[in-house]
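Containing mmCIF, C-alpha atoms and all ligand atoms: model-v3.cif.
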data_input
loop_
_atom_site.label_atom_id
_atom_site.label_comp_id
_atom_site.auth_asym_id
_atom_site.auth_seq_id
_atom_site.Cartn_x
_atom_site.Cartn_y
_atom_site.Cartn_z
CA MET A 1 -2.74 -32.73 2.27
CA LEU A 2 -6.11 -32.18 3.90
CA PRO A 3 -8.96 -34.37 2.69
CA VAL A 4 -11.81 -33.12 0.52
CA SER A 5 -14.91 -35.28 0.46
CA ASP A 6 -18.59 -34.99 -0.33
CA ASN A 7 -19.54 -35.39 3.30
CA PRO A 8 -20.40 -31.87 4.39
CA GLN A 9 -19.71 -32.71 8.03
CA ASN A 10 -16.32 -32.57 9.73
CA ASN A 11 -14.35 -31.48 6.70
CA THR A 12 -11.93 -28.67 7.07
CA LEU A 13 -9.52 -27.22 4.56
CA THR A 14 -7.22 -24.25 4.49
CA GLY A 15 -7.30 -21.94 1.50
CA ARG A 16 -6.77 -18.40 0.33
CA LEU A 17 -9.48 -15.86 -0.46
CA ARG A 18 -9.10 -14.95 -4.12
CA LYS A 19 -12.07 -12.62 -4.55
CA TYR A 20 -15.27 -11.45 -2.91
CA HIS A 21 -18.31 -10.75 -5.00
CA SER A 22 -22.06 -10.39 -4.31
CA ASN A 23 -21.79 -11.75 -0.77
CA PHE A 24 -19.85 -14.83 -1.84
CA TYR A 25 -16.24 -15.48 -0.97
CA TYR A 26 -14.20 -17.40 -3.52
CA VAL A 27 -11.52 -19.42 -1.78
CA GLU A 28 -8.87 -21.43 -3.54
CA ALA A 29 -7.95 -24.60 -1.66
CA GLU A 30 -5.99 -27.47 -3.09
CA GLY A 31 -6.52 -26.37 -6.66
CA THR A 32 -10.29 -25.92 -6.37
CA LEU A 33 -12.16 -22.63 -6.19
CA PHE A 34 -14.87 -22.92 -3.53
CA GLU A 35 -17.82 -20.57 -3.36
CA CYS A 36 -18.13 -19.85 0.32
CA ALA A 37 -20.43 -18.22 2.79
CA LEU A 38 -19.05 -16.66 5.95
CA ARG A 39 -19.71 -18.03 9.42
CA GLY A 40 -22.10 -15.44 10.84
CA LEU A 41 -20.13 -14.88 14.01
CA ILE A 42 -17.01 -13.66 12.18
CA LYS A 43 -18.73 -10.41 11.19
CA LYS A 44 -20.51 -10.15 14.53
CA GLU A 45 -17.20 -10.43 16.33
CA GLY A 46 -15.97 -7.49 14.24
CA GLY A 47 -13.78 -9.67 12.03
CA ASP A 48 -13.12 -8.84 8.42
CA VAL A 49 -12.01 -11.13 5.62
CA LEU A 50 -9.75 -9.65 2.98
CA VAL A 51 -8.68 -10.96 -0.38
CA GLY A 52 -5.32 -12.64 0.28
CA ASP A 53 -6.40 -13.94 3.68
CA PHE A 54 -5.76 -17.55 4.56
CA VAL A 55 -8.97 -19.03 5.88
CA GLU A 56 -10.14 -22.27 7.41
CA LEU A 57 -13.08 -23.80 5.61
CA ASP A 58 -15.63 -26.18 7.05
CA SER A 59 -18.79 -27.74 5.62
CA VAL A 60 -16.76 -28.51 2.53
CA ASN A 61 -18.83 -29.98 -0.27
CA ALA A 62 -16.35 -30.84 -2.99
CA ALA A 63 -18.98 -32.02 -5.47
CA ALA A 64 -20.91 -28.76 -5.26
CA GLY A 65 -17.74 -26.68 -4.90
CA THR A 66 -19.08 -24.96 -1.79
CA ALA A 67 -17.85 -24.47 1.77
CA ARG A 68 -18.08 -22.09 4.71
CA ILE A 69 -15.35 -19.83 6.06
CA ASN A 70 -15.04 -20.80 9.69
CA ARG A 71 -12.00 -18.79 10.68
CA VAL A 72 -9.54 -16.23 9.33
CA LEU A 73 -5.91 -17.12 10.00
CA PRO A 74 -3.48 -14.47 11.29
CA ARG A 75 -2.20 -12.04 8.64
CA LYS A 76 1.35 -10.90 8.06
CA ASN A 77 0.15 -7.50 6.83
CA SER A 78 -2.76 -5.74 5.19
CA ILE A 79 -3.50 -2.64 3.16
CA SER A 80 -6.72 -0.68 3.43
CA ARG A 81 -6.94 0.66 -0.13
CA PRO A 82 -7.11 -1.50 -2.13
CA LYS A 83 -8.21 -3.94 0.57
CA LEU A 84 -5.85 -6.92 0.66
CA ALA A 85 -3.97 -9.05 3.13
CA ASN A 86 -0.65 -10.94 3.12
CA VAL A 87 0.90 -8.83 0.42
CA ASP A 88 4.54 -9.19 -0.71
CA ARG A 89 4.82 -6.42 -3.28
CA VAL A 90 2.80 -3.39 -4.27
CA LEU A 91 3.25 -1.79 -7.67
CA VAL A 92 1.85 1.70 -7.71
CA VAL A 93 0.76 2.03 -11.33
CA TYR A 94 0.57 5.64 -12.41
CA SER A 95 0.38 6.69 -16.04
CA LEU A 96 2.62 9.27 -17.63
CA ARG A 97 -0.33 10.61 -19.64
CA GLU A 98 -4.03 9.85 -19.97
CA PRO A 99 -4.48 10.47 -17.05
CA ILE A 100 -1.56 12.88 -16.76
CA PHE A 101 1.21 12.15 -14.23
CA ASP A 102 0.59 14.16 -11.06
CA PRO A 103 3.52 14.00 -8.62
CA ASN A 104 1.43 15.03 -5.62
CA GLN A 105 -1.12 12.31 -6.22
CA MET A 106 1.69 9.85 -6.83
CA ASP A 107 3.25 10.80 -3.49
CA ARG A 108 -0.05 10.05 -1.80
CA TYR A 109 -0.12 6.50 -3.14
CA LEU A 110 3.51 5.93 -2.19
CA THR A 111 3.05 7.26 1.32
CA HIS A 112 -0.15 5.29 1.83
CA ILE A 113 1.68 2.06 0.98
CA GLU A 114 4.71 3.01 3.11
CA LEU A 115 2.35 3.52 6.03
CA ALA A 116 1.18 -0.07 5.63
CA GLY A 117 4.81 -1.13 6.19
CA ILE A 118 5.43 -2.11 2.57
CA THR A 119 7.97 -0.48 0.27
CA PRO A 120 6.11 0.31 -2.94
CA ILE A 121 7.55 -0.09 -6.43
CA LEU A 122 6.68 2.63 -8.92
CA CYS A 123 5.36 1.57 -12.25
CA ILE A 124 5.05 4.52 -14.61
CA SER A 125 2.74 3.20 -17.31
CA LYS A 126 2.04 4.44 -20.84
CA ALA A 127 5.71 5.37 -21.21
CA ASP A 128 5.12 5.27 -24.97
CA LEU A 129 3.34 8.60 -24.54
CA ALA A 130 6.49 10.34 -23.22
CA GLU A 131 7.42 13.49 -25.10
CA ASN A 132 11.11 12.90 -24.59
CA ASP A 133 13.56 10.87 -22.54
CA GLU A 134 14.24 13.73 -20.12
CA GLU A 135 10.72 13.49 -18.85
CA LEU A 136 11.34 9.90 -17.76
CA ALA A 137 14.83 10.68 -16.48
CA ARG A 138 13.45 13.38 -14.16
CA ILE A 139 11.07 10.90 -12.57
CA ARG A 140 13.81 8.31 -12.15
CA ASP A 141 16.20 10.87 -10.68
CA LEU A 142 13.83 11.87 -7.95
CA TYR A 143 12.10 8.65 -7.03
CA GLU A 144 14.83 6.11 -7.64
CA CYS A 145 18.17 7.92 -7.30
CA LYS A 146 17.14 10.26 -4.51
CA LEU A 147 14.44 8.41 -2.63
CA GLY A 148 15.51 4.85 -3.32
CA TYR A 149 12.27 3.48 -4.77
CA ARG A 150 12.51 1.07 -7.63
CA VAL A 151 11.04 2.70 -10.75
CA LEU A 152 9.78 0.79 -13.79
CA PHE A 153 8.61 2.41 -17.01
CA THR A 154 6.15 0.28 -18.92
CA SER A 155 4.24 0.31 -22.10
CA VAL A 156 1.94 -2.57 -23.01
CA ASN A 157 3.10 -2.58 -26.61
CA HIS A 158 6.73 -3.01 -25.55
CA LEU A 159 6.91 -6.46 -24.01
CA ALA A 160 10.52 -6.14 -22.84
CA ASP A 161 9.30 -3.55 -20.30
CA LEU A 162 7.27 -6.24 -18.61
CA GLN A 163 10.14 -8.60 -17.84
CA PRO A 164 11.04 -6.89 -14.51
CA ILE A 165 7.42 -7.25 -13.40
CA ARG A 166 7.49 -10.97 -14.17
CA GLU A 167 10.65 -11.31 -12.10
CA LEU A 168 9.29 -9.29 -9.20
CA ALA A 169 6.05 -11.24 -9.25
CA GLU A 170 7.55 -14.75 -9.36
CA GLY A 171 6.57 -16.64 -6.22
CA ASN A 172 5.00 -13.56 -4.62
CA ILE A 173 1.67 -11.94 -3.94
CA THR A 174 1.81 -8.72 -5.95
CA VAL A 175 -0.77 -5.96 -5.97
CA LEU A 176 -1.29 -3.39 -8.69
CA ALA A 177 -2.72 -0.21 -7.20
CA GLY A 178 -3.38 3.18 -8.73
CA PRO A 179 -5.94 5.49 -10.24
CA SER A 180 -8.63 4.37 -12.65
CA GLY A 181 -7.39 4.30 -16.24
CA SER A 182 -3.70 4.03 -15.37
CA GLY A 183 -3.56 0.70 -17.18
CA LYS A 184 -3.46 -1.93 -14.42
CA SER A 185 -5.70 -4.45 -16.17
CA SER A 186 -3.98 -3.76 -19.50
CA LEU A 187 -0.62 -4.58 -17.91
CA LEU A 188 -1.95 -7.88 -16.63
CA ASN A 189 -3.39 -8.77 -20.02
CA ALA A 190 -0.01 -8.00 -21.56
CA LEU A 191 1.68 -10.26 -19.00
CA ASN A 192 -0.75 -13.09 -19.64
CA ALA A 193 -3.16 -12.79 -22.57
CA ASP A 194 -5.31 -15.62 -21.18
CA LEU A 195 -6.50 -13.37 -18.35
CA GLN A 196 -8.70 -11.39 -20.74
CA LEU A 197 -9.49 -8.68 -18.22
CA ARG A 198 -11.81 -5.86 -19.20
CA VAL A 199 -10.09 -2.59 -19.97
CA GLY A 200 -11.79 0.79 -20.36
CA GLU A 201 -11.21 3.95 -22.31
CA VAL A 202 -9.92 7.03 -20.55
CA SER A 203 -12.58 9.70 -20.92
CA GLU A 204 -11.24 12.57 -23.02
CA LYS A 205 -13.59 15.02 -21.37
CA ILE A 206 -12.60 14.42 -17.77
CA ALA A 207 -9.21 12.80 -18.51
CA ARG A 208 -9.97 10.02 -16.06
CA GLY A 209 -10.61 6.30 -16.20
CA GLN A 210 -14.11 4.84 -16.04
CA HIS A 211 -13.68 2.49 -13.08
CA THR A 212 -13.74 -0.55 -15.31
CA THR A 213 -12.40 -3.07 -12.77
CA ARG A 214 -14.95 -3.43 -10.00
CA HIS A 215 -13.51 -6.01 -7.63
CA VAL A 216 -10.18 -6.93 -6.14
CA GLU A 217 -9.13 -10.30 -7.49
CA LEU A 218 -6.01 -12.38 -6.99
CA LEU A 219 -5.14 -13.92 -10.33
CA SER A 220 -2.78 -16.69 -11.24
CA LEU A 221 -0.10 -15.09 -13.39
CA PHE A 222 1.63 -18.20 -14.72
CA ASP A 223 0.06 -21.62 -15.23
CA ASP A 224 3.12 -23.42 -13.91
CA SER A 225 3.61 -21.33 -10.74
CA PRO A 226 0.69 -21.57 -8.31
CA ASP A 227 2.48 -19.32 -5.80
CA THR A 228 2.67 -16.41 -8.20
CA LEU A 229 -0.50 -14.41 -7.68
CA ILE A 230 -1.16 -10.86 -8.76
CA ALA A 231 -4.09 -8.67 -7.81
CA ASP A 232 -5.99 -6.54 -10.25
CA THR A 233 -7.81 -3.87 -8.28
CA PRO A 234 -10.33 -1.11 -8.94
CA GLY A 235 -8.73 2.29 -9.48
CA PHE A 236 -9.15 4.79 -6.69
CA SER A 237 -8.19 8.36 -5.92
CA ASN A 238 -9.08 10.89 -3.19
CA LEU A 239 -6.71 9.23 -0.80
CA LYS A 240 -6.90 11.17 2.48
CA PHE A 241 -4.53 10.89 5.41
CA THR A 242 -7.13 11.30 8.07
CA TYR A 243 -6.15 7.91 9.49
CA VAL A 244 -2.58 8.55 10.68
CA LEU A 245 -0.90 10.79 13.22
CA PRO A 246 1.40 13.56 11.97
CA ILE A 247 4.45 11.86 13.46
CA GLN A 248 3.68 8.63 11.61
CA LEU A 249 3.32 10.53 8.37
CA GLU A 250 6.63 12.28 8.99
CA ALA A 251 8.31 8.91 9.48
CA ALA A 252 7.03 7.68 6.11
CA MET A 253 8.83 10.50 4.24
CA ARG A 254 12.18 9.23 2.98
CA ASP A 255 13.19 12.76 1.98
CA PHE A 256 13.80 13.70 5.61
CA ALA A 257 16.05 10.76 6.47
CA PRO A 258 19.38 12.62 6.08
CA TYR A 259 18.24 15.51 8.31
CA ARG A 260 15.58 14.50 10.82
CA GLU A 261 18.09 13.37 13.46
CA HIS A 262 19.57 16.86 13.50
CA CYS A 263 16.33 18.69 14.25
CA ALA A 264 16.31 20.28 17.69
CA PHE A 265 13.11 18.44 18.67
CA SER A 266 12.74 14.70 18.23
CA ASP A 267 9.06 15.14 17.35
CA CYS A 268 9.79 17.92 14.83
CA LEU A 269 7.30 18.01 11.96
CA HIS A 270 9.50 20.37 9.93
CA VAL A 271 6.96 23.13 9.44
CA ASP A 272 7.85 26.10 11.63
CA GLU A 273 9.80 24.62 14.53
CA GLU A 274 12.99 26.24 15.82
CA GLY A 275 16.21 24.45 14.88
CA CYS A 276 14.63 22.34 12.17
CA ALA A 277 17.37 20.72 10.07
CA VAL A 278 14.89 19.75 7.36
CA ARG A 279 13.84 23.36 6.82
CA GLU A 280 17.50 24.39 6.78
CA ASN A 281 18.05 21.88 3.97
CA LEU A 282 14.87 22.49 2.01
CA ALA A 283 16.92 23.33 -1.07
CA SER A 284 17.98 19.67 -1.19
CA ILE A 285 14.42 18.36 -1.01
CA ALA A 286 12.19 18.29 -4.09
CA GLU A 287 9.64 21.08 -3.88
CA SER A 288 6.83 18.81 -5.05
CA ARG A 289 7.61 16.29 -2.29
CA TYR A 290 7.64 18.87 0.46
CA GLN A 291 4.36 20.30 -0.83
CA SER A 292 2.85 16.79 -0.88
CA TYR A 293 4.01 16.35 2.70
CA LEU A 294 2.40 19.62 3.84
CA ASP A 295 -0.90 18.69 2.20
CA MET A 296 -0.92 15.23 3.78
CA LEU A 297 0.17 16.67 7.11
CA ALA A 298 -2.84 19.00 7.23
CA GLU A 299 -5.08 15.92 6.98
CA ALA A 300 -3.11 13.96 9.57
CA ARG A 301 -3.46 16.92 11.94
CA LEU A 302 -7.22 16.68 11.62
CA TYR A 303 -6.97 13.04 12.59
CA LYS A 304 -4.85 13.89 15.61
CA GLU A 305 -7.40 16.47 16.77
CA GLU A 306 -10.06 13.82 16.52
CA ALA A 307 -7.93 11.25 18.36
CA ASN A 308 -7.29 13.82 21.07
CA SER A 309 -10.97 14.31 21.63
CA THR A 310 -11.58 10.62 22.35
CA SER A 311 -10.52 9.08 25.64
CA GLN A 312 -9.38 5.84 24.07
CA LYS A 313 -5.78 4.77 24.41
CA GLN A 314 -4.21 3.94 21.11
CA GLU A 315 -0.96 2.43 20.00
CA PHE A 316 0.68 2.64 16.60
CA GLY A 317 3.80 1.07 15.15
CA TYR A 318 5.72 2.66 12.31
CA LYS A 319 9.04 2.46 10.49
CA GLN A 320 11.51 5.30 10.25
CA LEU A 321 14.69 5.69 8.20
CA ASP A 322 17.79 7.42 9.60
CA ARG A 323 20.43 9.25 7.58
CA LYS A 324 22.40 6.06 6.95
CA GLY A 325 19.28 4.49 5.56
CA LYS A 326 18.86 2.24 8.60
CA GLU A 327 15.31 1.38 9.39
CA SER A 328 13.94 1.07 12.88
CA VAL A 329 10.51 0.24 14.16
CA ARG A 330 9.07 2.72 16.63
CA ILE A 331 6.03 2.45 18.81
CA LEU A 332 3.86 5.45 19.35
CA ARG A 333 1.31 5.67 22.14
CA LEU A 334 -1.49 8.10 22.53
CA LYS A 335 -2.42 8.25 26.16
CA GLU A 336 -4.42 10.41 28.43
CA LYS A 337 -2.45 13.11 30.12
CA ASN A 338 -4.81 14.20 32.81
CA ARG A 339 -7.16 11.53 34.08
CA ASP A 340 -8.69 13.76 36.74
CA ALA A 341 -9.61 16.59 34.46
CA SER A 342 -13.13 16.86 33.24
CA ARG A 343 -13.96 14.97 30.09
CA ARG A 344 -14.11 18.12 28.03
CA THR A 345 -10.67 19.37 29.05
CA ARG A 346 -9.02 15.99 28.96
CA LYS A 347 -5.95 16.03 26.82
CA GLN A 348 -3.96 13.30 25.27
CA GLN A 349 -0.26 13.20 24.91
CA VAL A 350 1.81 11.64 22.22
CA SER A 351 4.76 9.87 23.68
CA LEU A 352 7.48 8.30 21.62
CA LEU A 353 8.78 5.16 23.19
CA GLU A 354 12.03 3.36 22.62
CA THR A 355 13.00 1.94 19.25
CA ASP A 356 13.58 -1.74 18.71
CA GLU A 357 14.18 -4.18 15.88
CA PRO A 358 16.86 -2.30 13.94
CA HIS A 359 16.64 -3.24 10.29
CA ASP A 360 19.99 -3.66 8.61
CA GLU A 361 18.91 -2.95 5.08
CA GLU A 362 21.09 -0.14 3.70
CA ALA A 363 19.46 2.59 1.64
CA ASP A 364 21.00 2.71 -1.77
CA GLN A 365 22.24 6.22 -2.34
CA ASP A 366 24.11 5.37 -5.55
CA CYS A 367 21.01 4.50 -7.45
CA ASP A 368 22.13 1.02 -8.41
CA TYR A 369 19.47 -1.31 -9.66
CA ARG A 370 17.92 -3.17 -6.74
CA ASP A 371 15.71 -6.21 -6.63
CA ASP A 372 14.32 -6.86 -3.18
CA GLU A 373 13.16 -3.82 -1.37
CA ASP A 374 10.30 -4.93 0.76
CA ASP A 375 11.29 -8.29 2.16
N1 LIG A 401 -0.75 4.38 -24.89
C1 LIG A 401 -0.97 3.44 -23.96
N2 LIG A 401 -2.24 3.21 -23.52
C2 LIG A 401 -2.42 2.26 -22.57
C3 LIG A 401 -1.34 1.52 -22.03
N3 LIG A 401 -1.82 0.68 -21.09
C4 LIG A 401 -3.16 0.90 -21.05
N4 LIG A 401 -3.53 1.84 -21.93
C5 LIG A 401 -4.91 2.33 -22.17
O1 LIG A 401 -5.41 2.90 -20.96
C6 LIG A 401 -6.80 2.72 -20.86
C7 LIG A 401 -7.18 2.23 -19.48
O2 LIG A 401 -6.63 0.94 -19.26
P1 LIG A 401 -7.13 -0.07 -18.13
O3 LIG A 401 -6.22 -1.24 -18.19
O4 LIG A 401 -8.59 -0.35 -18.24
O5 LIG A 401 -6.87 0.79 -16.80
P2 LIG A 401 -7.12 0.34 -15.28
O6 LIG A 401 -6.01 0.91 -14.49
O7 LIG A 401 -7.30 -1.12 -15.20
O8 LIG A 401 -8.47 1.11 -14.92
P3 LIG A 401 -9.59 0.73 -13.80
O9 LIG A 401 -9.97 -0.69 -13.98
O10 LIG A 401 -10.72 1.67 -14.10
O11 LIG A 401 -8.97 1.02 -12.47
C8 LIG A 401 -7.18 1.76 -22.00
O12 LIG A 401 -7.75 2.53 -23.03
C9 LIG A 401 -5.86 1.18 -22.43
O13 LIG A 401 -5.84 0.83 -23.80
C10 LIG A 401 -0.02 1.78 -22.53
O14 LIG A 401 0.99 1.19 -22.12
N5 LIG A 401 0.10 2.75 -23.48
MG MG A 402 -8.84 -2.29 -14.50
ZN ZN A 403 12.57 19.41 11.63
#
Take the structure from the file and write it as structure tokens.
Amino acid sequence: MLPVSDNPQNNTLTGRLRKYHSNFYYVEAEGTLFECALRGLIKKEGGDVLVGDFVELDSVNAAAGTARINRVLPRKNSISRPKLANVDRVLVVYSLREPIFDPNQMDRYLTHIELAGITPILCISKADLAENDEELARIRDLYECKLGYRVLFTSVNHLADLQPIRELAEGNITVLAGPSGSGKSSLLNALNADLQLRVGEVSEKIARGQHTTRHVELLSLFDDSPDTLIADTPGFSNLKFTYVLPIQLEAAMRDFAPYREHCAFSDCLHVDEEGCAVRENLASIAESRYQSYLDMLAEARLYKEEANSTSQKQEFGYKQLDRKGKESVRILRLKEKNRDASRRTRKQQVSLLETDEPHDEEADQDCDYRDDEDD
């Protein structure tokens, strides 16, 4: 245990950033929530502090409950929207109605989380508003049986629905992410009534939420389990894929896993290439998923054009599934092709380098119930 004393000099502590609000960082360390400022140089050096980050505090004043963040410790992962670090599980919360379920938007959230290297869990909220069971079965068939995501249907007035969330959350850092009004804060209130989070009405006129939650906050879900933290986050939409390369996006699509190895070109994007095994098997891929892919791909292509016009070398890592459901990590490098050419005509080349770190997790094609997908 590190000491906490009233002497503001020489005291350091390690804690976790729980929320950031009005230029103050709230860091939990040894059971106390410290209101912290940030050492000026961290920002100047281009550093960023995210909720979920472990940080080193100095100038600790226990009596006043204040300290300064001196250093951000290395992260195991991070997601850009919502902004969080060191995440174990992400529940994409998307409502069945109010706002209406939109598979293409849903695919955007899923793909965005996949691209951060985390396997999302789907939480279809407001299941009480389902017209019939088939509606839910169709969603489960595609996303769970075919694609292998875990799917939960929840309704805040049906507490038994929440038990799987409790189990998934236990001992983990869990993030709820999704559009405004999908019921993220309501779910947390149903899991622990003491949280008393603000919830908002879904506007009838625009059929959207009102952005009720304003800040990302890591909350303690159970009083007796300090390691179980869950993040309520502000709803967001207009997720654009102008931050990834087309080949990274392709790798995040589970639908292509049974076929991609059989395409004539290893960098096939399955649009109009010769000998494309994905296109030959389009009948086996959900139309809505392929359409989502094409929409996202158009955005990723814009990003690639932009990357091509800069002379910077860049390196990206991404995961890809093969037809047996084996996962491998690939490294992608963007490098300059022609150093002697004039700046304007300089081109960059995407080169796929060798794979390493085979992952032995088997994809579950039988649609059995699975617990741990993202460890
Ligand atoms: N019928 C039904 N309504 C629900 C359910 N869960 C939430 N709602 C309603 O959905 C509306 C929005 O809920 P919130 O919890 O504020 O949604 P949110 O995702 O936190 O929204 P933001 O904070 O804006 O991102 C409220 O009117 C809730 O009462 C549910 O399971 N069933
Ligand atoms: Mg909310
Ligand atoms: Zn192809």
Can you list every residue of chain A that has an atom at most 10 Å from ligand ZN 403 (chain A), with its nearest atom pair and the distance in Å to one decimal, using all atoms listed in the file, ordered by chain then number, as a Markdown table?
| residue | atom | partner | partner_atom | distance |
| --- | --- | --- | --- | --- |
| A:Glu250 | CA | A:ZN403 | ZN | 9.6 |
| A:Phe256 | CA | A:ZN403 | ZN | 8.4 |
| A:Tyr259 | CA | A:ZN403 | ZN | 7.6 |
| A:Arg260 | CA | A:ZN403 | ZN | 5.8 |
| A:Glu261 | CA | A:ZN403 | ZN | 8.4 |
| A:His262 | CA | A:ZN403 | ZN | 7.7 |
| A:Cys263 | CA | A:ZN403 | ZN | 4.6 |
| A:Ala264 | CA | A:ZN403 | ZN | 7.2 |
| A:Phe265 | CA | A:ZN403 | ZN | 7.1 |
| A:Ser266 | CA | A:ZN403 | ZN | 8.1 |
| A:Asp267 | CA | A:ZN403 | ZN | 8.0 |
| A:Cys268 | CA | A:ZN403 | ZN | 4.5 |
| A:Leu269 | CA | A:ZN403 | ZN | 5.5 |
| A:His270 | CA | A:ZN403 | ZN | 3.6 |
| A:Val271 | CA | A:ZN403 | ZN | 7.1 |
| A:Asp272 | CA | A:ZN403 | ZN | 8.2 |
| A:Glu273 | CA | A:ZN403 | ZN | 6.6 |
| A:Glu274 | CA | A:ZN403 | ZN | 8.0 |
| A:Gly275 | CA | A:ZN403 | ZN | 7.0 |
| A:Cys276 | CA | A:ZN403 | ZN | 3.6 |
| A:Ala277 | CA | A:ZN403 | ZN | 5.2 |
| A:Val278 | CA | A:ZN403 | ZN | 4.9 |
| A:Arg279 | CA | A:ZN403 | ZN | 6.4 |
| A:Glu280 | CA | A:ZN403 | ZN | 8.5 |
| A:Asn281 | CA | A:ZN403 | ZN | 9.7 |
Using all atoms listed in the file, tabulate the residues of chain A lying at most 7 Å from any atom of ligand LIG 401 (chain A), each with its closest atom pair and that distance in Å to one decimal, by chain and increasing residue number, as JSON lines.
{"residue": "A:Ser125", "atom": "CA", "partner": "A:LIG401", "partner_atom": "O14", "distance": 5.5}
{"residue": "A:Lys126", "atom": "CA", "partner": "A:LIG401", "partner_atom": "O14", "distance": 3.6}
{"residue": "A:Ala127", "atom": "CA", "partner": "A:LIG401", "partner_atom": "O14", "distance": 6.4}
{"residue": "A:Asp128", "atom": "CA", "partner": "A:LIG401", "partner_atom": "N5", "distance": 5.8}
{"residue": "A:Leu129", "atom": "CA", "partner": "A:LIG401", "partner_atom": "N1", "distance": 5.9}
{"residue": "A:Thr154", "atom": "CA", "partner": "A:LIG401", "partner_atom": "O14", "distance": 6.1}
{"residue": "A:Ser155", "atom": "CA", "partner": "A:LIG401", "partner_atom": "O14", "distance": 3.4}
{"residue": "A:Val156", "atom": "CA", "partner": "A:LIG401", "partner_atom": "O14", "distance": 4.0}
{"residue": "A:Asn157", "atom": "CA", "partner": "A:LIG401", "partner_atom": "O14", "distance": 6.2}
{"residue": "A:Gly178", "atom": "CA", "partner": "A:LIG401", "partner_atom": "O6", "distance": 6.7}
{"residue": "A:Pro179", "atom": "CA", "partner": "A:LIG401", "partner_atom": "O11", "distance": 5.8}
{"residue": "A:Ser180", "atom": "CA", "partner": "A:LIG401", "partner_atom": "O11", "distance": 3.4}
{"residue": "A:Gly181", "atom": "CA", "partner": "A:LIG401", "partner_atom": "O5", "distance": 3.6}
{"residue": "A:Ser182", "atom": "CA", "partner": "A:LIG401", "partner_atom": "O6", "distance": 4.0}
{"residue": "A:Gly183", "atom": "CA", "partner": "A:LIG401", "partner_atom": "O5", "distance": 3.3}
{"residue": "A:Lys184", "atom": "CA", "partner": "A:LIG401", "partner_atom": "O6", "distance": 3.8}
{"residue": "A:Ser185", "atom": "CA", "partner": "A:LIG401", "partner_atom": "O7", "distance": 3.8}
{"residue": "A:Ser186", "atom": "CA", "partner": "A:LIG401", "partner_atom": "O3", "distance": 3.6}
{"residue": "A:Leu187", "atom": "CA", "partner": "A:LIG401", "partner_atom": "N3", "distance": 6.3}
{"residue": "A:Arg198", "atom": "CA", "partner": "A:LIG401", "partner_atom": "O4", "distance": 6.5}
{"residue": "A:Val199", "atom": "CA", "partner": "A:LIG401", "partner_atom": "O4", "distance": 3.2}
{"residue": "A:Gly200", "atom": "CA", "partner": "A:LIG401", "partner_atom": "O4", "distance": 4.0}
{"residue": "A:Glu201", "atom": "CA", "partner": "A:LIG401", "partner_atom": "O12", "distance": 3.8}
{"residue": "A:Val202", "atom": "CA", "partner": "A:LIG401", "partner_atom": "C6", "distance": 5.3}
{"residue": "A:Gly209", "atom": "CA", "partner": "A:LIG401", "partner_atom": "O10", "distance": 5.1}
{"residue": "A:Gln210", "atom": "CA", "partner": "A:LIG401", "partner_atom": "O10", "distance": 5.0}
{"residue": "A:His211", "atom": "CA", "partner": "A:LIG401", "partner_atom": "O10", "distance": 3.2}
{"residue": "A:Thr212", "atom": "CA", "partner": "A:LIG401", "partner_atom": "O10", "distance": 3.9}
{"residue": "A:Thr213", "atom": "CA", "partner": "A:LIG401", "partner_atom": "O9", "distance": 3.6}
{"residue": "A:Arg214", "atom": "CA", "partner": "A:LIG401", "partner_atom": "O9", "distance": 6.9}
{"residue": "A:Thr233", "atom": "CA", "partner": "A:LIG401", "partner_atom": "O11", "distance": 6.5}
{"residue": "A:Pro234", "atom": "CA", "partner": "A:LIG401", "partner_atom": "O11", "distance": 4.3}
{"residue": "A:Gly235", "atom": "CA", "partner": "A:LIG401", "partner_atom": "O11", "distance": 3.3}
{"residue": "A:Phe236", "atom": "CA", "partner": "A:LIG401", "partner_atom": "O11", "distance": 6.9}
Report task. Write out as a ChimeraX atom specification each polymer residue whose atoms come within 10 Å of Leu297 of chain A, counting all atoms listed in the file; drop sequence neighbours fewer than 5 positions from it. Result -> /A:241-242,244-250,269,271,291-292,302-303
Report task. Name the closest residue to ligand MG 402 (chain A) among the candidates A:Lys240, A:His215, A:Lys304, A:Lys43; distances are taken between atoms, counting all atoms listed in the file. Result ->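 Looking only at the distances to ligand MG 402 (chain A), the closest residue turns out to be A:His215.
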Given 4 Å on each side, where is the centre and what are the edge lengths in Å to one decimal of the axis-aligned box enclosing the listed atoms of segment 147-165 of chain A, as AutoDock Vina command-line options?
--center_x 8.7 --center_y -0.1 --center_z -14.6 --size_x 21.6 --size_y 25.0 --size_z 32.0
Requested in this report: Compile the contact shell of Leu91 of chain A as a list in words: residues with an atom at most 9 Å away, counting only C-alpha atoms, same-chain residues fewer than 6 positions apart removed.
Outcome: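 Answer for this query is Pro120, Ile121, Leu122, Cys123, Ile165, Thr174, Val175, Leu176, Ala177 and Gly178 of chain A.
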Query raised in the report: Quick one: residues within 12 Å of Asp48 of chain A, only C-alpha atoms counted, chain neighbours fewer than 3 positions away excluded, as a list in words?
Result: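 Non-adjacent residues within range: Leu17, Tyr20, Tyr25, Leu38, Arg39, Gly40, Leu41, Ile42, Lys43, Lys44, Glu45, Val51, Gly52, Asp53, Val55, Ile69, Arg71, Val72, Leu73, Pro74, Arg75, Ser78, Ser80, Lys83, Leu84 and Ala85 of chain A.
Each of A:Asn104, A:Ala160, A:Leu96, A:Asp255 was checked against Glu144 of chain A using only C-alpha atoms; the smallest atom-to-atom distance is that of A:Asp255.
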